[in-house]
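Novice: Have a peek at data_1.cif (mmCIF, C-alpha atoms and all ligand atoms).
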data_start
loop_
_atom_site.label_atom_id
_atom_site.label_comp_id
_atom_site.auth_asym_id
_atom_site.auth_seq_id
_atom_site.Cartn_x
_atom_site.Cartn_y
_atom_site.Cartn_z
CA MET A 133 0.00 0.00 0.00
CA GLN A 134 1.30 3.46 -0.90
CA LEU A 135 1.30 6.24 1.70
CA PHE A 136 0.84 9.93 0.94
CA ASN A 137 1.10 12.95 3.23
CA THR A 138 0.70 15.72 0.67
CA ILE A 139 -2.12 16.61 -1.73
CA LYS A 140 0.28 16.98 -4.64
CA GLU A 141 1.77 13.51 -4.32
CA LEU A 142 -1.62 11.88 -3.85
CA GLN A 143 -3.03 13.67 -6.88
CA MET A 144 -0.05 12.65 -9.04
CA TYR A 145 -0.74 9.04 -8.06
CA VAL A 146 -4.49 9.32 -8.76
CA ARG A 147 -3.91 11.07 -12.09
CA ASN A 148 -1.53 8.33 -13.17
CA GLU A 149 -3.99 5.58 -12.25
CA ARG A 150 -6.82 7.41 -14.01
CA LYS A 151 -4.75 7.72 -17.20
CA GLN A 152 -4.79 3.93 -17.29
CA GLY A 153 -8.59 4.04 -17.17
CA LYS A 154 -8.84 2.81 -13.58
CA SER A 155 -11.85 3.54 -11.36
CA VAL A 156 -11.23 5.01 -7.91
CA GLY A 157 -13.05 4.13 -4.68
CA PHE A 158 -12.56 6.27 -1.57
CA VAL A 159 -13.08 5.55 2.13
CA PRO A 160 -12.67 8.58 4.44
CA THR A 161 -11.94 7.71 8.09
CA MET A 162 -10.52 9.19 11.27
CA GLY A 163 -8.35 6.12 11.89
CA ASP A 164 -8.38 3.85 14.92
CA LEU A 165 -9.77 1.38 12.44
CA HIS A 166 -11.98 -1.60 13.23
CA ALA A 167 -13.99 -4.19 11.30
CA GLY A 168 -16.63 -1.57 10.39
CA HIS A 169 -14.06 0.53 8.53
CA VAL A 170 -12.53 -2.59 6.99
CA SER A 171 -15.96 -3.60 5.58
CA LEU A 172 -16.09 -0.26 3.69
CA VAL A 173 -12.58 -0.78 2.33
CA GLU A 174 -13.36 -4.35 1.26
CA GLN A 175 -16.52 -3.22 -0.55
CA SER A 176 -14.57 -0.51 -2.35
CA VAL A 177 -11.82 -2.97 -3.30
CA SER A 178 -14.43 -5.31 -4.76
CA GLN A 179 -16.08 -2.53 -6.83
CA ASN A 180 -13.14 -0.40 -8.02
CA ASP A 181 -9.74 -0.78 -9.66
CA ILE A 182 -8.05 1.17 -6.89
CA THR A 183 -9.11 2.06 -3.35
CA ILE A 184 -7.84 5.05 -1.41
CA CYS A 185 -8.48 5.43 2.31
CA SER A 186 -7.85 8.66 4.24
CA VAL A 187 -6.93 8.66 7.90
CA TYR A 188 -7.38 12.13 9.36
CA VAL A 189 -8.73 13.19 12.75
CA ASN A 190 -10.56 16.33 11.65
CA PRO A 191 -10.40 18.95 14.42
CA THR A 192 -13.23 21.09 13.01
CA GLN A 193 -15.86 18.41 13.65
CA PHE A 194 -15.12 18.09 17.37
CA ASN A 195 -17.25 20.35 19.51
CA ASP A 196 -15.53 18.99 22.62
CA ALA A 197 -11.77 19.67 22.79
CA LYS A 198 -11.32 16.83 25.31
CA ASP A 199 -12.86 14.38 22.85
CA LEU A 200 -10.37 15.48 20.19
CA VAL A 201 -7.42 14.94 22.52
CA ALA A 202 -8.77 11.56 23.68
CA TYR A 203 -9.23 10.28 20.11
CA THR A 204 -6.90 7.30 19.64
CA ARG A 205 -4.26 7.67 16.95
CA ASP A 206 -2.38 4.52 15.92
CA GLU A 207 -1.03 4.98 12.41
CA GLU A 208 0.99 1.77 12.32
CA ARG A 209 -1.97 -0.41 13.30
CA ASP A 210 -4.25 1.38 10.80
CA ILE A 211 -1.71 0.90 7.99
CA ASN A 212 -1.42 -2.82 8.79
CA LEU A 213 -5.21 -3.27 8.73
CA LEU A 214 -5.56 -1.37 5.44
CA THR A 215 -2.73 -3.34 3.85
CA ALA A 216 -4.39 -6.60 4.91
CA ALA A 217 -7.67 -5.39 3.33
CA ASN A 218 -5.84 -4.78 -0.01
CA CYS A 219 -6.27 -1.01 0.12
CA ASP A 220 -4.05 0.54 -2.57
CA ALA A 221 -3.23 3.90 -1.02
CA CYS A 222 -3.62 5.75 2.26
CA PHE A 223 -3.75 9.54 2.59
CA LEU A 224 -2.47 10.76 5.97
CA PRO A 225 -2.51 14.56 5.88
CA SER A 226 -1.46 16.88 8.72
CA ASP A 227 -3.66 19.76 9.92
CA ASP A 228 -1.44 22.16 7.93
CA VAL A 229 -2.10 20.21 4.75
CA MET A 230 -5.86 20.13 5.30
CA TYR A 231 -6.27 23.65 6.71
CA PRO A 232 -3.55 25.93 5.28
CA GLY A 233 -4.18 29.62 5.98
CA GLU A 234 -7.50 31.13 6.85
CA SER A 235 -10.71 29.10 6.37
CA ILE A 236 -13.69 31.34 5.70
CA VAL A 237 -15.90 29.16 3.50
CA LYS A 238 -18.51 27.20 5.43
CA VAL A 239 -20.76 24.27 4.60
CA SER A 240 -24.20 24.61 6.13
CA PHE A 241 -26.88 21.92 6.01
CA GLY A 242 -29.87 23.85 7.34
CA ASN A 243 -32.48 22.03 9.40
CA MET A 244 -31.18 18.54 8.60
CA ALA A 245 -28.12 19.35 10.72
CA LYS A 246 -30.08 20.94 13.56
CA VAL A 247 -31.67 17.71 14.81
CA MET A 248 -30.23 14.71 16.69
CA GLU A 249 -26.41 14.79 16.45
CA GLY A 250 -26.52 18.38 15.25
CA ALA A 251 -28.62 19.46 18.24
CA PHE A 252 -26.16 17.99 20.74
CA ARG A 253 -22.85 18.54 18.92
CA GLU A 254 -22.82 22.15 17.80
CA GLY A 255 -20.88 22.74 14.58
CA HIS A 256 -20.15 19.03 14.14
CA PHE A 257 -21.71 18.63 10.70
CA GLU A 258 -20.30 21.90 9.40
CA GLY A 259 -16.86 20.42 10.19
CA VAL A 260 -17.77 17.10 8.56
CA GLY A 261 -19.14 18.91 5.49
CA ILE A 262 -15.99 20.98 4.96
CA VAL A 263 -13.55 18.12 5.43
CA VAL A 264 -15.50 15.69 3.24
CA ALA A 265 -15.90 18.31 0.48
CA LYS A 266 -12.15 18.98 0.63
CA LEU A 267 -11.29 15.28 0.59
CA PHE A 268 -13.63 14.74 -2.39
CA ASN A 269 -11.87 17.54 -4.28
CA ILE A 270 -8.45 16.18 -3.38
CA VAL A 271 -9.13 12.51 -4.22
CA GLN A 272 -11.80 12.96 -6.93
CA PRO A 273 -13.09 9.40 -6.58
CA ASP A 274 -15.82 7.72 -8.65
CA SER A 275 -17.43 6.29 -5.52
CA ALA A 276 -17.14 7.00 -1.80
CA TYR A 277 -18.10 4.58 0.97
CA PHE A 278 -19.75 5.51 4.27
CA GLY A 279 -21.27 3.55 7.15
CA GLN A 280 -24.98 3.56 7.96
CA LYS A 281 -23.80 3.56 11.59
CA ASP A 282 -23.52 7.36 11.18
CA PHE A 283 -26.96 7.60 9.65
CA GLN A 284 -27.39 11.38 9.84
CA GLN A 285 -23.89 11.94 8.48
CA LEU A 286 -24.64 9.65 5.52
CA SER A 287 -27.88 11.55 4.78
CA LEU A 288 -26.05 14.89 4.86
CA ILE A 289 -23.24 13.67 2.64
CA LYS A 290 -25.78 12.49 0.08
CA MET A 291 -27.25 16.04 0.17
CA LEU A 292 -23.77 17.59 -0.12
CA VAL A 293 -23.08 15.58 -3.27
CA LYS A 294 -26.51 16.31 -4.73
CA ASN A 295 -26.53 20.04 -3.92
CA LEU A 296 -22.93 20.71 -5.00
CA ALA A 297 -23.05 18.33 -8.00
CA PHE A 298 -20.02 16.28 -6.98
CA PRO A 299 -19.64 13.59 -9.69
CA ILE A 300 -19.35 10.90 -7.00
CA THR A 301 -21.59 7.94 -6.16
CA ILE A 302 -22.19 7.64 -2.42
CA ILE A 303 -22.49 4.12 -1.12
CA GLY A 304 -23.87 3.48 2.38
CA LEU A 305 -23.06 0.14 3.98
CA PRO A 306 -24.60 -1.72 6.93
CA THR A 307 -23.36 -1.31 10.48
CA VAL A 308 -20.87 -3.94 11.58
CA ARG A 309 -21.61 -5.09 15.13
CA GLU A 310 -19.86 -6.86 17.95
CA LYS A 311 -21.20 -10.30 18.94
CA ASN A 312 -23.58 -8.79 21.48
CA GLY A 313 -25.00 -6.35 18.91
CA LEU A 314 -23.04 -3.25 19.99
CA ALA A 315 -22.21 -1.18 16.89
CA MET A 316 -18.47 -1.18 16.34
CA SER A 317 -16.94 2.19 17.11
CA SER A 318 -13.53 3.60 17.89
CA ARG A 319 -15.09 4.78 21.16
CA ASN A 320 -15.85 1.22 22.32
CA ASN A 321 -12.21 0.86 23.41
CA ARG A 322 -12.86 3.46 26.11
CA LEU A 323 -15.46 1.19 27.75
CA THR A 324 -14.55 -1.34 30.45
CA ALA A 325 -15.14 -4.99 29.53
CA LEU A 326 -18.35 -4.99 31.58
CA GLN A 327 -19.62 -1.72 30.07
CA ARG A 328 -18.90 -3.07 26.60
CA GLU A 329 -20.94 -6.17 27.33
CA ASP A 330 -23.79 -4.14 28.87
CA ALA A 331 -23.83 -1.71 25.92
CA GLY A 332 -25.15 -4.57 23.75
CA LEU A 333 -28.47 -3.55 25.28
CA ILE A 334 -28.68 -0.57 22.88
CA TYR A 335 -29.16 -2.94 19.95
CA LYS A 336 -31.63 -5.08 21.89
CA ALA A 337 -33.63 -1.97 22.89
CA LEU A 338 -33.72 -0.81 19.25
CA ASN A 339 -35.04 -4.22 18.17
CA GLU A 340 -37.58 -4.18 20.99
CA ALA A 341 -38.77 -0.67 19.98
CA LYS A 342 -39.04 -1.74 16.35
CA GLU A 343 -41.20 -4.74 17.28
CA SER A 344 -43.46 -2.62 19.52
CA LEU A 345 -43.94 -0.03 16.77
CA LYS A 346 -44.80 -2.78 14.29
CA ASN A 347 -47.35 -4.00 16.82
CA ARG A 348 -48.88 -0.52 16.74
CA CYS A 349 -47.78 0.67 20.19
CA SER A 350 -47.80 4.47 20.39
CA ILE A 351 -44.57 6.35 19.67
CA ASP A 352 -44.72 7.95 23.13
CA SER A 353 -45.00 4.65 24.97
CA VAL A 354 -42.22 3.11 22.87
CA LYS A 355 -39.94 6.05 23.66
CA LYS A 356 -40.63 5.72 27.38
CA GLN A 357 -40.01 1.98 27.32
CA PHE A 358 -36.78 2.50 25.35
CA SER A 359 -35.38 4.83 28.05
CA LYS A 360 -36.43 2.45 30.77
CA THR A 361 -34.71 -0.49 29.07
CA LEU A 362 -31.43 1.41 28.60
CA LYS A 363 -31.40 2.56 32.22
CA ARG A 364 -31.39 -1.08 33.37
CA LYS A 365 -27.69 -1.11 32.50
CA ASP A 366 -26.75 2.48 33.36
CA LEU A 367 -27.06 3.66 29.78
CA GLU A 368 -28.18 7.29 29.88
CA PRO A 369 -30.15 8.26 26.74
CA GLU A 370 -29.41 11.66 25.20
CA TYR A 371 -32.02 11.34 22.47
CA PHE A 372 -34.14 8.64 20.89
CA GLU A 373 -35.92 9.80 17.74
CA LEU A 374 -38.04 8.32 14.99
CA VAL A 375 -37.25 10.25 11.84
CA ASP A 376 -38.20 10.16 8.20
CA SER A 377 -35.19 8.45 6.57
CA GLU A 378 -35.00 11.04 3.76
CA SER A 379 -35.83 14.39 5.36
CA LEU A 380 -34.81 13.53 8.97
CA ASN A 381 -38.03 15.21 10.13
CA ALA A 382 -39.49 13.80 13.34
CA VAL A 383 -42.22 11.21 12.73
CA THR A 384 -45.55 11.63 14.48
CA ASP A 385 -47.61 9.27 12.29
CA ILE A 386 -45.87 6.12 11.10
CA GLY A 387 -48.39 5.50 8.32
CA GLU A 388 -47.38 8.73 6.55
CA HIS A 389 -43.77 7.73 5.76
CA ASP A 390 -42.14 5.36 3.25
CA ALA A 391 -39.01 4.89 5.34
CA ILE A 392 -38.39 5.58 9.01
CA THR A 393 -35.19 5.28 11.04
CA LEU A 394 -34.92 4.91 14.81
CA CYS A 395 -31.90 6.87 16.02
CA VAL A 396 -30.31 6.87 19.46
CA ALA A 397 -27.44 8.56 21.27
CA CYS A 398 -26.64 7.60 24.84
CA PHE A 399 -23.88 7.68 27.40
CA MET A 400 -22.24 4.72 29.06
CA GLY A 401 -20.28 6.48 31.77
CA ASN A 402 -18.59 9.33 29.91
CA VAL A 403 -18.50 7.51 26.56
CA ARG A 404 -21.06 8.68 24.02
CA LEU A 405 -22.46 5.95 21.77
CA ILE A 406 -24.80 6.22 18.77
CA ASP A 407 -26.80 3.64 16.83
CA ASN A 408 -29.82 3.41 14.56
CA MET A 409 -32.18 0.95 12.92
CA SER A 410 -34.52 1.09 9.96
CA LEU A 411 -38.13 0.46 10.95
CA PHE A 412 -39.30 -1.33 7.81
CA SER A 413 -36.34 -3.47 6.71
P1 LIG B 501 -14.95 7.42 11.50
O1 LIG B 501 -13.54 6.94 11.44
O2 LIG B 501 -15.63 7.15 12.79
O3 LIG B 501 -15.11 8.82 10.99
O4 LIG B 501 -15.75 6.51 10.46
C1 LIG B 501 -15.34 6.39 9.13
C2 LIG B 501 -16.41 5.67 8.35
O5 LIG B 501 -16.61 4.37 8.90
C3 LIG B 501 -17.76 6.38 8.41
O6 LIG B 501 -18.37 6.32 7.14
C4 LIG B 501 -18.51 5.57 9.43
O7 LIG B 501 -19.92 5.61 9.27
C5 LIG B 501 -17.98 4.17 9.13
N1 LIG B 501 -18.20 3.28 10.28
C6 LIG B 501 -17.90 3.53 11.59
N2 LIG B 501 -18.30 2.51 12.37
C7 LIG B 501 -18.88 1.60 11.54
C8 LIG B 501 -19.50 0.32 11.75
N3 LIG B 501 -19.63 -0.22 12.96
N4 LIG B 501 -19.99 -0.33 10.67
C9 LIG B 501 -19.88 0.21 9.42
N5 LIG B 501 -19.30 1.41 9.16
C10 LIG B 501 -18.80 2.08 10.21
#
When written as structure tokens, how does the structure in this file appear?
Specialist:
Amino acid sequence: MQLFNTIKELQMYVRNERKQGKSVGFVPTMGDLHAGHVSLVEQSVSQNDITICSVYVNPTQFNDAKDLVAYTRDEERDINLLTAANCDACFLPSDDVMYPGESIVKVSFGNMAKVMEGAFREGHFEGVGIVVAKLFNIVQPDSAYFGQKDFQQLSLIKMLVKNLAFPITIIGLPTVREKNGLAMSSRNNRLTALQREDAGLIYKALNEAKESLKNRCSIDSVKKQFSKTLKRKDLEPEYFELVDSESLNAVTDIGEHDAITLCVACFMGNVRLIDNMSLFS
């Protein structure tokens, strides 16, 4: 696998590959890779001639400075995992490479970024929008791969590509889970072994809520039961929302929507975890 730290070198590589008519798949990450990231890389490898992964902890999407500092960085381990997954190139830029000089241009997503994650992590999606737009311009891939684990992020990136006419196909892939159902996340390493086991309850509670909604229980009662279930294992819910899968608007009448997603954020101790589940699939 080839490693690049500068935009110029990466673009020379991409240009050369493109001249040979090769298609380019791209997987943006913040490193500390796990099987969820690897599933995106493997899908890209299977669908494209070359796959490029970026590993960059983007400071502008952290609303909590402590969270940014605590984010695990392990370049060597990431490189080994990407090499094993047959990734062709890895882009590892510094902050100076990604944010040279003054940044005055903003990406704003309107109301879609004001709910759920956006409501609790101020400025988060503006940071995601800017860094993803930059990475798209740098790499210029044919396709880019994202996890459904970050459901709201995936929706906003689809809007970014549509609204700004990026000639890129966005591919969303299913959440990879631990044996107990806990969605894989770089944050899971901050949990104790017991907390990690207990956090499997998030997935069970989502399944339980889905069943109850299918059995026509009211949204209010399902929300109350969901909180109650999580609290059994000291999981503190931050939000639990039923949203229209396209618009992200809150759902009040299930019958009026073609696709609905159940979205949750909760704390296990001081570790914030998110997950989601489609209601109809
Ligand atoms: P991150 O490094 O957390 O920014 O994530 C990079 C990409 O990996 C994003 O598109 C995430 O949605 C995706 N991802 C993270 N966790 C998972 C998972 N458990 N399953 C599938 N994709 C994931």
Novice: Output the neighbourhood of ligand LIG 501 (chain B) as a PyMOL selection string, that is, all protein and nucleic acid residues with some atom at most 7 Å from the ligand, counting only C-alpha atoms and all ligand atoms.
Specialist: chain A and resi 160-165+168-169+171-172+277-282+305-309+315-318
Novice: If I put a ball of radius 9 Å at (-1.7, 6.9, 9.4) in the file's coordinates, which residues poke into it when counting all atoms listed in the file, written as a list of chain:residue names?
Specialist: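 Counting all atoms listed in the file, I find these residues within 9 Å of (-1.7, 6.9, 9.4): A:Leu135, A:Gly163, A:Ser186, A:Val187, A:Tyr188, A:Arg205, A:Asp206, A:Glu207, A:Glu208, A:Arg209, A:Asp210, A:Ile211, A:Cys222, A:Phe223, A:Leu224, A:Pro225.
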Novice: So how many Å separate CA of Phe372 (chain A) and CA of Asp390 (chain A), to one decimal?
Specialist: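 Going from CA of Phe372 (chain A) over to CA of Asp390 (chain A) covers 19.6 Å.
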Novice: Of the candidates A:Gly313, A:Gly233, A:Gly157, A:Gly401, which shows the shortest atom-to-atom distance to Phe268 (chain A), using only C-alpha atoms?
Specialist: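 Ranking A:Gly313, A:Gly233, A:Gly157, A:Gly401 by distance to Phe268 (chain A), first place goes to A:Gly157.
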Novice: I want to know what sits within 9 Å of Asp227 (chain A), based on only C-alpha atoms, with residues of the same chain fewer than 5 positions away left out; could you give that as an MDAnalysis selection string?
Specialist: chainID A and resid 188:191 232
Novice: List the neighbours of Pro299 (chain A) out to 10 Å using all atoms listed in the file; skip same-chain residues closer than 5 positions along the sequence, and give me the result as a list in words.
Specialist: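 Near neighbours after the sequence-gap exclusion: Phe268, Gln272, Pro273, Asp274, Ser275, Val293 and Lys294 of chain A.
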Novice: Excluding region 366-371 of chain A and its own-chain neighbours fewer than 4 positions away, which residues fall within 6 Å of it when counting all atoms listed in the file? Please give them as a list in words.
Specialist: Leu362, Val396, Ala397, Cys398, Phe399 and Met400 of chain A
Novice: Write out as a list in words the residues lying within 10 Å of Thr384 (chain A), counting all atoms listed in the file and excluding same-chain residues fewer than 4 positions away.
Specialist: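 Non-adjacent residues within range: Ser350, Ile351, Asp352, Leu374, Val375, Asp376, Glu388 and His389 of chain A.
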Novice: Next, the residues of the selection above should be written as a CSV table (one decimal), keeping the file's coordinate frame with C-alpha atoms.
Specialist:
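What landed in result.csv:
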chain,number,residue,atom,x,y,z
A,350,SER,CA,-47.8,4.5,20.4
A,351,ILE,CA,-44.6,6.4,19.7
A,352,ASP,CA,-44.7,8.0,23.1
A,374,LEU,CA,-38.0,8.3,15.0
A,375,VAL,CA,-37.2,10.2,11.8
A,376,ASP,CA,-38.2,10.2,8.2
A,388,GLU,CA,-47.4,8.7,6.6
A,389,HIS,CA,-43.8,7.7,5.8
Novice: Here is a test: counting all atoms listed in the file, which residue of A:Ser410, A:Asn180, A:Thr301, A:Thr192 is nearest to Glu373 (chain A)?
Specialist: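 Using all atoms listed in the file, the shortest distance to Glu373 (chain A) belongs to A:Ser410.
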Novice: What is the distance between CA of Asp220 (chain A) and CA of Ala297 (chain A), in Å to one decimal?
Specialist: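 Computed distance, CA of Asp220 (chain A) to CA of Ala297 (chain A), equals 26.6 Å.
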Novice: May I ask for the distance between CA of Ile303 (chain A) and CA of Ala276 (chain A), given in Å to one decimal place?
Specialist: 6.1 Å
Novice: In terms of the shortest atom-to-atom distance over all atoms listed in the file, which of A:Val247, A:Val239, A:Gln284, A:Val271 is closest to Phe136 (chain A)?
Specialist: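 Among the listed residues, the smallest separation from Phe136 (chain A) belongs to A:Val271.
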